[in-house]
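The file target15.cif contains mmCIF, C-alpha atoms and all ligand atoms:
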```cif
data_coords
loop_
_atom_site.label_atom_id
_atom_site.label_comp_id
_atom_site.auth_asym_id
_atom_site.auth_seq_id
_atom_site.Cartn_x
_atom_site.Cartn_y
_atom_site.Cartn_z
CA MET A 1 129.50 -12.26 -18.33
CA VAL A 2 130.77 -9.51 -20.60
CA LEU A 3 132.64 -6.54 -19.15
CA LEU A 4 131.49 -3.24 -20.66
CA ASP A 5 134.92 -1.75 -21.27
CA GLY A 6 134.34 1.99 -21.15
CA LYS A 7 138.05 2.70 -21.17
CA PHE A 8 138.54 0.85 -24.46
CA ILE A 9 135.41 2.29 -26.11
CA SER A 10 136.22 5.82 -24.96
CA GLU A 11 139.71 5.56 -26.48
CA LYS A 12 138.11 4.50 -29.77
CA ILE A 13 135.72 7.48 -29.63
CA LYS A 14 138.60 9.83 -28.87
CA GLU A 15 140.44 8.49 -31.92
CA GLU A 16 137.32 9.18 -34.04
CA ILE A 17 137.12 12.73 -32.64
CA LYS A 18 140.83 13.30 -33.26
CA ILE A 19 140.36 12.44 -36.94
CA GLU A 20 137.42 14.86 -37.24
CA VAL A 21 139.44 17.62 -35.58
CA GLN A 22 142.28 16.99 -38.01
CA ASN A 23 139.81 17.23 -40.91
CA ILE A 24 138.56 20.60 -39.61
CA LYS A 25 142.13 21.87 -39.31
CA ASN A 26 143.08 20.54 -42.76
CA ARG A 27 140.20 22.52 -44.24
CA GLY A 28 141.63 25.64 -42.55
CA GLY A 29 138.93 25.65 -39.86
CA ARG A 30 139.34 26.88 -36.32
CA THR A 31 140.35 24.35 -33.66
CA PRO A 32 137.50 23.35 -31.30
CA HIS A 33 137.93 25.05 -27.93
CA LEU A 34 136.51 23.89 -24.57
CA ALA A 35 136.70 25.97 -21.40
CA ALA A 36 136.17 24.70 -17.88
CA VAL A 37 135.25 26.88 -14.92
CA LEU A 38 136.40 25.54 -11.58
CA VAL A 39 135.56 27.40 -8.37
CA GLY A 40 137.62 26.46 -5.31
CA ASN A 41 139.90 23.50 -4.65
CA ASP A 42 137.68 20.46 -4.08
CA GLY A 43 139.96 17.43 -4.59
CA ALA A 44 137.60 15.39 -6.75
CA SER A 45 136.65 18.39 -8.91
CA LEU A 46 140.34 19.23 -9.47
CA THR A 47 140.92 15.65 -10.62
CA TYR A 48 137.91 15.62 -12.96
CA VAL A 49 138.64 19.01 -14.50
CA GLY A 50 142.33 18.13 -14.90
CA SER A 51 141.38 14.98 -16.72
CA LYS A 52 138.90 16.82 -18.98
CA VAL A 53 141.58 19.36 -19.95
CA ARG A 54 144.17 16.61 -20.63
CA SER A 55 141.67 14.77 -22.82
CA CYS A 56 141.17 17.94 -24.87
CA GLU A 57 144.87 18.01 -25.64
CA LYS A 58 144.80 14.34 -26.65
CA VAL A 59 142.19 14.91 -29.37
CA GLY A 60 143.71 18.19 -30.59
CA PHE A 61 141.24 20.63 -28.99
CA GLU A 62 142.24 23.86 -27.38
CA SER A 63 141.29 24.10 -23.73
CA THR A 64 141.19 26.83 -21.13
CA LEU A 65 140.89 26.28 -17.41
CA ILE A 66 139.39 29.19 -15.51
CA HIS A 67 140.28 28.46 -11.90
CA LEU A 68 138.56 30.88 -9.53
CA ASP A 69 138.91 31.52 -5.81
CA GLU A 70 136.35 29.67 -3.70
CA ASN A 71 135.26 32.98 -2.14
CA ILE A 72 134.39 34.59 -5.48
CA SER A 73 131.10 36.48 -5.32
CA GLU A 74 128.12 35.31 -7.32
CA ASP A 75 128.21 38.56 -9.36
CA ASN A 76 131.86 38.09 -10.27
CA LEU A 77 131.23 34.48 -11.28
CA ILE A 78 128.35 35.65 -13.47
CA SER A 79 130.64 38.17 -15.15
CA GLU A 80 133.13 35.33 -15.90
CA ILE A 81 130.25 33.34 -17.42
CA ASN A 82 129.22 36.33 -19.53
CA LYS A 83 132.79 36.67 -20.82
CA LEU A 84 132.66 33.05 -21.98
CA ASN A 85 129.26 33.60 -23.60
CA ASP A 86 130.69 36.59 -25.51
CA ASN A 87 134.00 34.98 -26.49
CA ASP A 88 133.56 33.67 -30.04
CA GLN A 89 136.81 31.71 -29.79
CA ILE A 90 135.22 29.38 -27.23
CA ASP A 91 132.80 26.79 -28.62
CA GLY A 92 131.63 25.30 -25.35
CA TYR A 93 132.27 25.40 -21.64
CA ILE A 94 131.37 23.67 -18.43
CA VAL A 95 130.96 24.96 -14.90
CA GLN A 96 132.24 22.16 -12.70
CA LEU A 97 129.78 21.18 -9.97
CA PRO A 98 129.34 21.34 -7.04
CA LEU A 99 129.75 25.10 -6.57
CA PRO A 100 130.47 26.60 -3.12
CA LYS A 101 127.38 26.93 -0.91
CA HIS A 102 127.17 30.75 -1.14
CA ILE A 103 126.59 30.50 -4.90
CA ASN A 104 123.18 29.70 -6.34
CA GLU A 105 123.94 26.82 -8.72
CA GLU A 106 120.60 27.11 -10.50
CA LYS A 107 121.15 30.80 -11.22
CA ILE A 108 124.63 30.12 -12.65
CA LEU A 109 123.50 27.24 -14.88
CA MET A 110 120.70 29.44 -16.23
CA MET A 111 123.34 32.01 -17.34
CA VAL A 112 125.13 29.54 -19.63
CA ASN A 113 124.40 30.20 -23.31
CA PRO A 114 122.53 27.02 -24.38
CA LYS A 115 124.59 26.96 -27.61
CA LYS A 116 127.77 26.60 -25.52
CA ASP A 117 126.21 24.32 -22.87
CA VAL A 118 128.24 21.19 -23.62
CA ASP A 119 127.23 19.72 -20.23
CA GLY A 120 123.57 19.88 -21.33
CA PHE A 121 122.51 21.19 -17.90
CA HIS A 122 120.56 24.25 -19.09
CA PRO A 123 116.76 23.65 -19.01
CA PHE A 124 116.63 24.59 -22.72
CA ASN A 125 118.78 21.59 -23.61
CA PHE A 126 117.23 19.36 -20.94
CA GLY A 127 113.76 20.17 -22.27
CA LYS A 128 114.80 19.41 -25.85
CA MET A 129 116.33 16.11 -24.73
CA ALA A 130 113.08 15.23 -22.93
CA GLN A 131 111.21 15.76 -26.20
CA ASN A 132 113.72 13.65 -28.15
CA MET A 133 114.90 16.71 -30.08
CA ASP A 134 118.51 17.31 -31.09
CA SER A 135 120.34 18.93 -28.14
CA PHE A 136 123.37 18.71 -25.90
CA ILE A 137 122.82 15.63 -23.75
CA PRO A 138 124.58 15.46 -20.36
CA ALA A 139 127.81 13.52 -20.75
CA THR A 140 127.30 10.70 -18.24
CA PRO A 141 123.87 9.51 -19.44
CA GLN A 142 125.01 9.97 -23.04
CA GLY A 143 128.07 7.84 -22.24
CA ILE A 144 125.82 5.08 -20.88
CA ILE A 145 123.69 5.13 -24.05
CA GLU A 146 126.81 5.05 -26.24
CA LEU A 147 128.22 2.09 -24.28
CA ILE A 148 124.93 0.17 -24.60
CA ASP A 149 124.88 1.00 -28.32
CA ARG A 150 128.46 -0.05 -29.05
CA TYR A 151 127.90 -3.41 -27.31
CA ASP A 152 124.62 -3.76 -29.22
CA ILE A 153 122.60 -4.49 -26.07
CA ASP A 154 118.89 -4.79 -26.80
CA THR A 155 116.85 -2.30 -24.75
CA GLU A 156 113.55 -2.33 -26.63
CA GLY A 157 110.64 -3.44 -24.45
CA LYS A 158 113.02 -4.30 -21.60
CA ASN A 159 112.40 -3.42 -17.98
CA THR A 160 114.95 -0.80 -17.01
CA VAL A 161 115.30 0.29 -13.41
CA VAL A 162 117.23 3.49 -12.72
CA ILE A 163 118.33 3.99 -9.12
CA GLY A 164 118.80 7.68 -8.29
CA ARG A 165 117.06 10.85 -9.51
CA SER A 166 119.86 13.42 -9.88
CA ASN A 167 119.62 16.07 -12.60
CA ILE A 168 123.01 14.95 -13.94
CA VAL A 169 122.42 11.19 -14.24
CA GLY A 170 119.29 9.47 -12.89
CA ARG A 171 116.64 11.74 -14.35
CA PRO A 172 118.20 12.21 -17.81
CA ILE A 173 119.08 8.51 -18.26
CA SER A 174 115.51 7.55 -17.32
CA ILE A 175 114.28 9.87 -20.09
CA LEU A 176 116.80 8.62 -22.68
CA MET A 177 116.04 4.96 -21.99
CA SER A 178 112.32 5.57 -22.46
CA ASN A 179 112.73 7.74 -25.60
CA LYS A 180 111.51 6.38 -28.91
CA SER A 181 115.02 5.60 -30.16
CA LYS A 182 117.73 2.97 -30.31
CA PRO A 183 118.98 2.44 -27.65
CA GLY A 184 115.76 3.36 -25.87
CA ASN A 185 112.17 2.12 -26.13
CA SER A 186 112.62 0.66 -22.67
CA THR A 187 109.99 0.48 -19.93
CA VAL A 188 111.60 2.62 -17.27
CA THR A 189 111.07 2.71 -13.51
CA LEU A 190 112.96 5.36 -11.55
CA VAL A 191 113.52 4.47 -7.90
CA HIS A 192 115.20 6.63 -5.27
CA SER A 193 115.89 7.16 -1.58
CA ARG A 194 112.17 7.39 -0.75
CA THR A 195 111.18 4.22 -2.63
CA PRO A 196 110.12 1.46 -0.26
CA ASP A 197 111.51 -1.98 -1.13
CA ILE A 198 113.92 -1.15 -3.98
CA PRO A 199 114.83 -4.88 -4.41
CA SER A 200 111.22 -5.63 -5.43
CA PHE A 201 111.92 -3.47 -8.53
CA THR A 202 115.52 -4.46 -9.25
CA LYS A 203 114.70 -8.20 -9.04
CA LYS A 204 112.38 -7.79 -12.05
CA ALA A 205 114.75 -5.57 -14.05
CA ASP A 206 116.47 -6.59 -17.29
CA ILE A 207 118.70 -3.51 -17.09
CA ILE A 208 119.74 -1.75 -13.87
CA ILE A 209 121.47 1.65 -13.87
CA VAL A 210 122.76 2.61 -10.44
CA ALA A 211 123.56 6.27 -9.80
CA LEU A 212 123.12 6.67 -6.09
CA GLY A 213 126.58 7.39 -4.69
CA ILE A 214 126.38 4.62 -2.06
CA PRO A 215 129.35 2.24 -2.34
CA ASN A 216 128.42 -1.44 -2.96
CA PHE A 217 124.68 -0.69 -2.71
CA LEU A 218 123.51 -3.23 -5.32
CA LYS A 219 124.01 -6.81 -4.08
CA SER A 220 123.58 -10.08 -5.97
CA ASP A 221 120.37 -11.00 -4.10
CA MET A 222 118.76 -7.82 -5.52
CA ILE A 223 119.07 -8.82 -9.18
CA LYS A 224 117.84 -11.53 -11.49
CA GLN A 225 120.04 -13.91 -13.48
CA GLY A 226 121.28 -12.46 -16.78
CA SER A 227 120.57 -8.79 -16.09
CA VAL A 228 122.64 -5.90 -17.44
CA VAL A 229 124.18 -3.76 -14.68
CA ILE A 230 125.55 -0.25 -15.25
CA ASP A 231 127.41 1.28 -12.31
CA VAL A 232 127.69 5.07 -12.24
CA GLY A 233 129.08 5.30 -8.68
CA ILE A 234 132.52 6.85 -8.13
CA THR A 235 132.95 7.29 -4.38
CA ARG A 236 136.41 7.89 -2.95
CA VAL A 237 137.06 5.50 -0.06
CA ALA A 238 140.16 5.93 2.15
CA ASP A 239 142.76 3.25 1.37
CA LYS A 240 146.26 3.51 2.83
CA THR A 241 147.58 0.84 0.46
CA LYS A 242 147.08 3.21 -2.50
CA ASN A 243 149.52 5.98 -3.43
CA LYS A 244 146.70 8.54 -3.55
CA GLY A 245 145.39 7.42 -0.14
CA TYR A 246 142.01 6.39 -1.58
CA ARG A 247 140.40 4.07 -4.09
CA ILE A 248 137.32 4.57 -6.25
CA VAL A 249 134.35 2.37 -5.33
CA GLY A 250 131.19 1.92 -7.38
CA ASP A 251 127.55 1.56 -6.29
CA VAL A 252 127.58 -2.13 -7.24
CA ASP A 253 129.00 -4.93 -5.12
CA PHE A 254 130.91 -6.08 -8.21
CA GLU A 255 132.40 -9.31 -6.84
CA SER A 256 129.05 -10.80 -5.87
CA VAL A 257 126.99 -9.35 -8.74
CA LYS A 258 129.37 -10.32 -11.59
CA THR A 259 128.52 -14.02 -11.41
CA LYS A 260 124.84 -13.34 -12.14
CA VAL A 261 124.90 -10.69 -14.88
CA SER A 262 125.11 -10.84 -18.68
CA TYR A 263 126.90 -7.47 -18.92
CA ILE A 264 128.43 -5.22 -16.28
CA THR A 265 130.53 -2.03 -16.17
CA PRO A 266 133.67 -2.08 -14.01
CA VAL A 267 134.57 0.79 -11.67
CA PRO A 268 136.91 2.36 -12.55
CA GLY A 269 137.04 1.91 -16.34
CA GLY A 270 133.32 1.73 -17.13
CA VAL A 271 131.06 4.77 -17.28
CA GLY A 272 133.72 7.25 -16.02
CA PRO A 273 135.90 7.39 -19.15
CA MET A 274 132.78 7.46 -21.35
CA THR A 275 131.69 10.69 -19.63
CA ILE A 276 134.81 12.52 -20.75
CA ALA A 277 134.57 11.15 -24.28
CA MET A 278 130.98 12.46 -24.51
CA LEU A 279 132.00 15.90 -23.27
CA LEU A 280 134.53 16.01 -26.12
CA LYS A 281 131.85 14.83 -28.55
CA ASN A 282 129.53 17.63 -27.37
CA THR A 283 132.34 20.17 -27.80
CA LEU A 284 132.93 19.01 -31.37
CA LYS A 285 129.19 19.32 -31.97
CA ALA A 286 129.27 22.89 -30.58
CA ARG A 287 132.19 23.71 -32.91
CA ILE A 288 130.36 22.29 -35.93
CA ASN A 289 127.14 24.15 -35.02
CA ASN A 290 129.03 27.45 -34.79
N1 LIG B 1 130.15 17.25 -11.32
C1 LIG B 1 129.94 15.92 -11.36
N2 LIG B 1 129.71 15.52 -12.63
C2 LIG B 1 129.78 16.62 -13.40
C3 LIG B 1 129.63 16.87 -14.79
O1 LIG B 1 129.38 15.97 -15.60
N3 LIG B 1 129.78 18.15 -15.20
C4 LIG B 1 130.06 19.16 -14.33
N4 LIG B 1 130.16 20.38 -14.81
N5 LIG B 1 130.19 18.97 -13.03
C5 LIG B 1 130.06 17.71 -12.58
#
```
As structure tokens, the full file:
Amino acid sequence: MVLLDGKFISEKIKEEIKIEVQNIKNRGGRTPHLAAVLVGNDGASLTYVGSKVRSCEKVGFESTLIHLDENISEDNLISEINKLNDNDQIDGYIVQLPLPKHINEEKILMMVNPKKDVDGFHPFNFGKMAQNMDSFIPATPQGIIELIDRYDIDTEGKNTVVIGRSNIVGRPISILMSNKSKPGNSTVTLVHSRTPDIPSFTKKADIIIVALGIPNFLKSDMIKQGSVVIDVGITRVADKTKNKGYRIVGDVDFESVKTKVSYITPVPGGVGPMTIAMLLKNTLKARINN
């Protein structure tokens, strides 16, 4: 069994980005600048955004956190988005999800200038990705592809089962794995909460990507010997023995599954750190495109 070390690979990618940023600066170019919009004080979102901003500093980007009150009106949020669209000092920005219930998420994401959409959530970028055209690809699925690529895992003609159909992970990774590309060229089945008998699919899979948000969902009796398992789950589970009062648990029952697989991502330290590295990569791309 080989552990897919997303922490190690993401550090390598960040080093590569840092060098490119230095090259831009040495040529007298403007420093890449990422902004993050955070509405409210959701604990997990605060952690993720904080870590995105810290990573920007590590690679030499400028970053701006726009932290807004959770009761902000939709109109005022839209005017903040428009300011970012008009600000030519900002190359890319993200609107951290989820947004409070009184705000129409779809409407907000549609307001993001696709050229600054480093999350790749705007339908313009999503549509281009679906047609295998150059675009901003959402960070988590892009991180999975990069991890598979750096470990040189063969995906061509393999049976890939994706569990979960979210716009952020399940749906885009199912598209990327089926695209005519390397990694890609996989035969993809997307299963979800309404699929009867999920194990009948996972037992035949060469590659399983789990993005369901149900801790320890994938058990060893659901997979075949030698499969590749990618765990996208990051659920916080209360744990009094930890300083933070919780621990992060993946969608894969790691202890039982690890004995059967050829490759597996740990949680934490697998897909999570890759996501941030890909956001930085997208920001650099936005800067270069500008
Ligand atoms: N919420 C959970 N994942 C993400 C992400 O990748 N980007 C944003 N903006 N919000 C998220």
Shortest interatomic distance to A:Glu62 - which of A:Thr31, A:Gln89, A:Thr283, A:Asn76, counting all atoms listed in the file: A:Thr31
Report, in Å to a single decimal, how far apart atom CA of A:Lys180 and atom CA of A:Lys128 are.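 Interatomic distance here is 13.8 Å.
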Using only C-alpha atoms, find the one residue out of A:Asn104, A:Ser51, A:Thr155, A:Asn167 that sits nearest to A:Gly120.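 Looking at the shortest contact to A:Gly120, the residue is A:Asn167.
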Using all atoms listed in the file, which residues of stretch 14-114 of chain A come within 12 Å of stretch 230-244 of chain A, and what is the closest atom pair for each, with the distance in Å to one decimal? Give it as a tab-separated table, sorted by chain and residue number.
```
residue	atom	partner	partner_atom	distance
A:Gly43	CA	A:Arg236	CA	10.3
A:Ala44	CA	A:Arg236	CA	8.5
A:Thr47	CA	A:Lys244	CA	11.6
A:Tyr48	CA	A:Ile234	CA	11.4
```
Could you please determine the separation between atom CA of A:Lys224 and atom CA of A:Met1 in Å, to one decimal place?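 If I compute the distance from atom CA of A:Lys224 to atom CA of A:Met1, I get 13.5 Å.
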Residues at most 6 Å from ligand LIG 1 (chain B), using all atoms listed in the file? Could they come as a list in words?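 Residues lying within 6 Å of ligand LIG 1 (chain B): Ile94, Val95, Gln96, Leu97, Pro98, Asp119 and Ala139 of chain A.
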For the atom pair atom CA of A:Asp88 and atom CA of A:Pro100, what is the interatomic distance in Å to one decimal place?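 Atom-to-atom, atom CA of A:Asp88 and atom CA of A:Pro100 are spaced 28.0 Å apart.
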Give me the stretch 195-227 of chain A side of the contact with stretch 246-256 of chain A, cut-off 10 Å, one line per residue showing its nearest atom pair and distance in Å at one decimal, counting all atoms listed in the file, sorted by chain and residue number, as JSON lines.
```
{"residue": "A:Ile209", "atom": "CA", "partner": "A:Asp251", "partner_atom": "CA", "distance": 9.7}
{"residue": "A:Val210", "atom": "CA", "partner": "A:Asp251", "partner_atom": "CA", "distance": 6.4}
{"residue": "A:Ala211", "atom": "CA", "partner": "A:Asp251", "partner_atom": "CA", "distance": 7.1}
{"residue": "A:Leu212", "atom": "CA", "partner": "A:Asp251", "partner_atom": "CA", "distance": 6.8}
{"residue": "A:Gly213", "atom": "CA", "partner": "A:Asp251", "partner_atom": "CA", "distance": 6.1}
{"residue": "A:Ile214", "atom": "CA", "partner": "A:Asp251", "partner_atom": "CA", "distance": 5.4}
{"residue": "A:Pro215", "atom": "CA", "partner": "A:Asp251", "partner_atom": "CA", "distance": 4.4}
{"residue": "A:Asn216", "atom": "CA", "partner": "A:Asp253", "partner_atom": "CA", "distance": 4.1}
{"residue": "A:Phe217", "atom": "CA", "partner": "A:Asp251", "partner_atom": "CA", "distance": 5.1}
{"residue": "A:Leu218", "atom": "CA", "partner": "A:Val252", "partner_atom": "CA", "distance": 4.6}
{"residue": "A:Lys219", "atom": "CA", "partner": "A:Asp253", "partner_atom": "CA", "distance": 5.4}
{"residue": "A:Ser220", "atom": "CA", "partner": "A:Ser256", "partner_atom": "CA", "distance": 5.5}
{"residue": "A:Asp221", "atom": "CA", "partner": "A:Ser256", "partner_atom": "CA", "distance": 8.9}
```
Find the residues of stretch 97-154 of chain A that sit at most 12 Å from stretch 262-269 of chain A; for each, write down the nearest two atoms and how far apart they are in Å, to one decimal. Count all atoms listed in the file. Sort by chain, then by number going up, and give it as JSON lines.
```
{"residue": "A:Gly143", "atom": "CA", "partner": "A:Thr265", "partner_atom": "CA", "distance": 11.8}
{"residue": "A:Ile144", "atom": "CA", "partner": "A:Thr265", "partner_atom": "CA", "distance": 9.7}
{"residue": "A:Leu147", "atom": "CA", "partner": "A:Thr265", "partner_atom": "CA", "distance": 9.4}
{"residue": "A:Ile148", "atom": "CA", "partner": "A:Tyr263", "partner_atom": "CA", "distance": 9.7}
{"residue": "A:Tyr151", "atom": "CA", "partner": "A:Tyr263", "partner_atom": "CA", "distance": 9.4}
{"residue": "A:Asp152", "atom": "CA", "partner": "A:Tyr263", "partner_atom": "CA", "distance": 11.2}
{"residue": "A:Ile153", "atom": "CA", "partner": "A:Tyr263", "partner_atom": "CA", "distance": 8.9}
{"residue": "A:Asp154", "atom": "CA", "partner": "A:Tyr263", "partner_atom": "CA", "distance": 11.6}
```
So, counting all atoms listed in the file, which residue among A:Lys12, A:Arg30, A:Lys204, A:Lys285 is closest to A:Lys158?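 Ranked by minimum distance to A:Lys158, first place goes to A:Lys204.
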For A:Leu38, the nearest of the candidates A:Ser55, A:Asn179, A:Asn159, A:Thr64, counting only C-alpha atoms: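 Among A:Ser55, A:Asn179, A:Asn159, A:Thr64, it is A:Thr64 that comes nearest to A:Leu38.
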